[in-house]
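Here is the structure we will look at.
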Amino acid sequence: MGIQRIESVTYSIDDLDECVRFFDDFGLLLVERTDEHAVLETLTGQTLTLDTAPGDLLPPPVEDGPTLREVVWGVDTAEELDRLVAETARDRPVRLSADGVHHTVDETGFGVGLTLARPRPAPVTPRPANALGNVNRWNAALTEIARVRPLRMCHVALNIRKEGKDEAVAFYTDRLGFRPTDVVEPMGVFMQAPGDDDQHTMLLCHRPDRAGVNHIAYEVPGFDDVIEGGNFMIERGWREARRLGRHTIGSNVFRFLHAPCGGRVEYAADMDRVDDSYETRVHETTPPHHIWALRTNRDQDATSTA
């Protein structure tokens with residue numbers, strides 16, 4: 001089938017202590033740390049590498065400051081991995097590292113890796129919810145979630161330059177097998193990996209003249225995890241990047257935070273799942289960013305007293 005999921009990501013950073021503290025608070029699990037780098041992981045075994053001195057297997061950064069340097073994609077079979085490596089090697093160098101990752105670069109300059117997927121099960125038991133005629137919780141009160149732990153990295157969003165955007169998208173669709181699910185002509189292209197069922201695994205968001213990391217989204221089990229995870233991050237001193245809401249494209253509940261490694265990270269839950277019968281939607285104008293976003297009377301009070 002091909003690419004199944006994000007297998008790992010690498011950021012080049014300045015402050016290792018700050019970045020490790022951020023992702024520890026965010027809920028990832030620390031598995032390795034040295035003076036120069038740290039590795040954390042999701043419950044399903046995807047890894048995040050934070051590196052103050054990344055090696056020469058990575059391309060130069062596409063923007064100044066801390067930023068995303070490489071996304072490694074997990075492939076289902078060795079035969080399909082060999083095919084994808086051969087496809088990408090037609091017009092660009094591909095180098096194999098000792099850990100079995102084939103490293104190359106996309107049209108924008110982001111590092112792209114290919115390796116065998118190594119998924120780890122992380123069973124999810126949804127919190128039982130009650131509604132008239134659909135009662136799932138008897139004689140038991142809910143308690144707070146002690147610590148929110150992301151299940152997986154579910155999608156990555158990259159900013160690309162508007163000039164050359166079609167070639168940038170074609171690298172992922174023609175070479176790596178992604179398919180567009182929603183094409184927003186003024187803004188970007190949402191794409192699904194061939195082995196994924198999320199409405200999008202990747203977004204290439206074209207900007208007039210700059211490239212860089214936009215965000216990586218981490219799936220959590222449900223709505224409460226999005227709320228409580230974001231609240232915990234704010235209590236720990238981190239800065240929210242966007243109000244709680246539910247996206248229009250993808251339908252997922254979201255909460256964004258500014259990340260010291262560059263860009264933002266997102267707690268996400270309840271993303272649309274789509275199969276091959278889902279036809280690509282083309283939007284000539286950009287849909288609203290969200291179906292809803294949190295509002296309070298304080299918003300009106302602030303406006304009236306401004």
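In the structure tokens, each chain is lettered A, B, ... as it comes, each chain's residues begin at 1, and ligands are numbered from 1 in order of appearance.
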When DSSP is applied to the backbone of this structure, which of segment 136-168 of chain A are assigned alpha helix (DSSP H)? Write them out as a PyMOL selection string. chain A and resi 165-168
What are the nearest atom pairs, with distances in Å to one decimal, for all residues of segment 77-194 of chain A that come at most 8 Å from segment 285-300 of chain A, using only C-alpha atoms, set out by chain and rising residue number as CSV?
```
residue,atom,partner,partner_atom,distance
A:Val184,CA,A:Thr286,CA,5.9
A:Glu185,CA,A:Thr285,CA,6.7
A:Pro186,CA,A:Thr286,CA,6.3
A:Met187,CA,A:Thr286,CA,6.6
```
May I have the residues from that selection written out with N, CA and C atoms, as a PDB file, in the first residue's frame?
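Ended up saving to again.pdb:
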```pdb
ATOM      1  N   VAL A 184      -7.501  23.684  -1.696  1.00  0.00           N
ATOM      2  CA  VAL A 184      -7.984  25.037  -1.441  1.00  0.00           C
ATOM      3  C   VAL A 184      -7.115  25.957  -2.292  1.00  0.00           C
ATOM      4  N   GLU A 185      -7.637  26.379  -3.431  1.00  0.00           N
ATOM      5  CA  GLU A 185      -6.798  27.032  -4.437  1.00  0.00           C
ATOM      6  C   GLU A 185      -6.074  28.273  -3.919  1.00  0.00           C
ATOM      7  N   PRO A 186      -6.691  29.122  -3.079  1.00  0.00           N
ATOM      8  CA  PRO A 186      -5.925  30.279  -2.605  1.00  0.00           C
ATOM      9  C   PRO A 186      -4.939  29.963  -1.476  1.00  0.00           C
ATOM     10  N   MET A 187      -5.021  28.763  -0.890  1.00  0.00           N
ATOM     11  CA  MET A 187      -4.282  28.518   0.346  1.00  0.00           C
ATOM     12  C   MET A 187      -3.355  27.321   0.327  1.00  0.00           C
TER      13      MET A 187
END
```
I'd like the contact shell of Thr125 of chain A - 12 Å cut-off, only C-alpha atoms, skipping same-chain residues fewer than 4 positions apart - returned as number ranges by chain. A: 129, 151, 220-222
Would you save the residues from that selection as a CSV table (one decimal), in the first residue's frame, using C-alpha atoms?
```csv
chain,number,residue,atom,x,y,z
A,129,ALA,CA,-20.6,9.9,27.4
A,151,LEU,CA,-1.3,8.7,20.8
A,220,VAL,CA,-5.3,12.5,21.7
A,221,PRO,CA,-8.2,10.3,22.6
A,222,GLY,CA,-11.0,12.9,22.9
```
With only C-alpha atoms as the basis for distance, which of A:Glu266, A:Glu107, A:Glu87, A:Asp14 is at the shortest distance from Ala170 of chain A? A:Glu107
As a PyMOL selection string, please: the residues near Pro54 of chain A (cut-off 10 Å, only C-alpha atoms, same-chain neighbours under 6 positions excluded). chain A and resi 10-13+36-37+60+69
Selected residues, C-alpha atoms, written as a PDB file, in the first residue's frame, please.
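So part-v4.pdb came out as:
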```
ATOM      1  CA  THR A  10      13.702  16.067  13.523  1.00  0.00           C
ATOM      2  CA  TYR A  11      14.028  19.694  14.560  1.00  0.00           C
ATOM      3  CA  SER A  12      17.187  21.773  14.769  1.00  0.00           C
ATOM      4  CA  ILE A  13      16.977  23.827  17.954  1.00  0.00           C
ATOM      5  CA  GLU A  36      23.349  17.793  22.192  1.00  0.00           C
ATOM      6  CA  HIS A  37      20.058  16.074  21.488  1.00  0.00           C
ATOM      7  CA  PRO A  60      20.040  23.114   5.229  1.00  0.00           C
ATOM      8  CA  ARG A  69      14.410  19.755   9.334  1.00  0.00           C
TER       9      ARG A  69
END
```
Mind checking which residues fall within 8 Å of Phe110 of chain A, counting only C-alpha atoms, ignoring those fewer than 3 positions away in the same chain, and posting them as a PyMOL selection string? chain A and resi 59+61-62+68-71+105-107
Take atom CA of His206 of chain A and atom CA of Thr52 of chain A and report the distance between them in Å, one decimal.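 The value is 28.0 Å.
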A:Thr77, A:Thr280, A:Asn231, A:Asn252 ranked by distance to Ile145 of chain A, top pick (using only C-alpha atoms):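 Closest to Ile145 of chain A, using only C-alpha atoms: A:Asn231.
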Tell me which protein, DNA and RNA residues are within 9 Å of segment 94-103 of chain A, counting only C-alpha atoms, leaving out same-chain ones fewer than 4 positions away, and put them as a PyMOL selection string. chain A and resi 57-58+70+72+85-86+88-89+111-116
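For the atom pair formed by atom CA of Gly230 of chain A and atom CA of Phe254 of chain A, the distance is 9.6 Å, given to one decimal.
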Shortest interatomic distance to Ala168 of chain A - which of A:Val189, A:Arg149, A:Gly262, A:Arg120, counting only C-alpha atoms: A:Val189
Need to verify the contact set: segment 16-30 of chain A, 9 Å, only C-alpha atoms, exclusion of same-chain residues closer than 6 positions in sequence. Can you return it as a PyMOL selection string? chain A and resi 36-43+48+50-52+147-150+229-230+232-233+236+238+259-261+267
Return as an NGL selection string the full set of residues in segment 19-114 of chain A whose backbone-based DSSP assignment is strand (DSSP E). :A and (29-33 or 37-41 or 47-51 or 67-75 or 95-96 or 102-105 or 111-114)
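Across the model, the gap from atom CA of Thr67 of chain A to atom CA of Asp270 of chain A is 27.5 Å.
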Using only C-alpha atoms: which of A:Val156, A:Leu84, A:Ala217, A:Val135 has the shortest distance to Asp174 of chain A: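 Of A:Val156, A:Leu84, A:Ala217, A:Val135, the one nearest Asp174 of chain A, counting only C-alpha atoms, is A:Leu84.
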Pick the closest to Pro194 of chain A from A:Gly177, A:Gly65, A:Pro123, A:Pro208: which is it, counting only C-alpha atoms?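 Looking at the shortest contact to Pro194 of chain A, the residue is A:Gly177.
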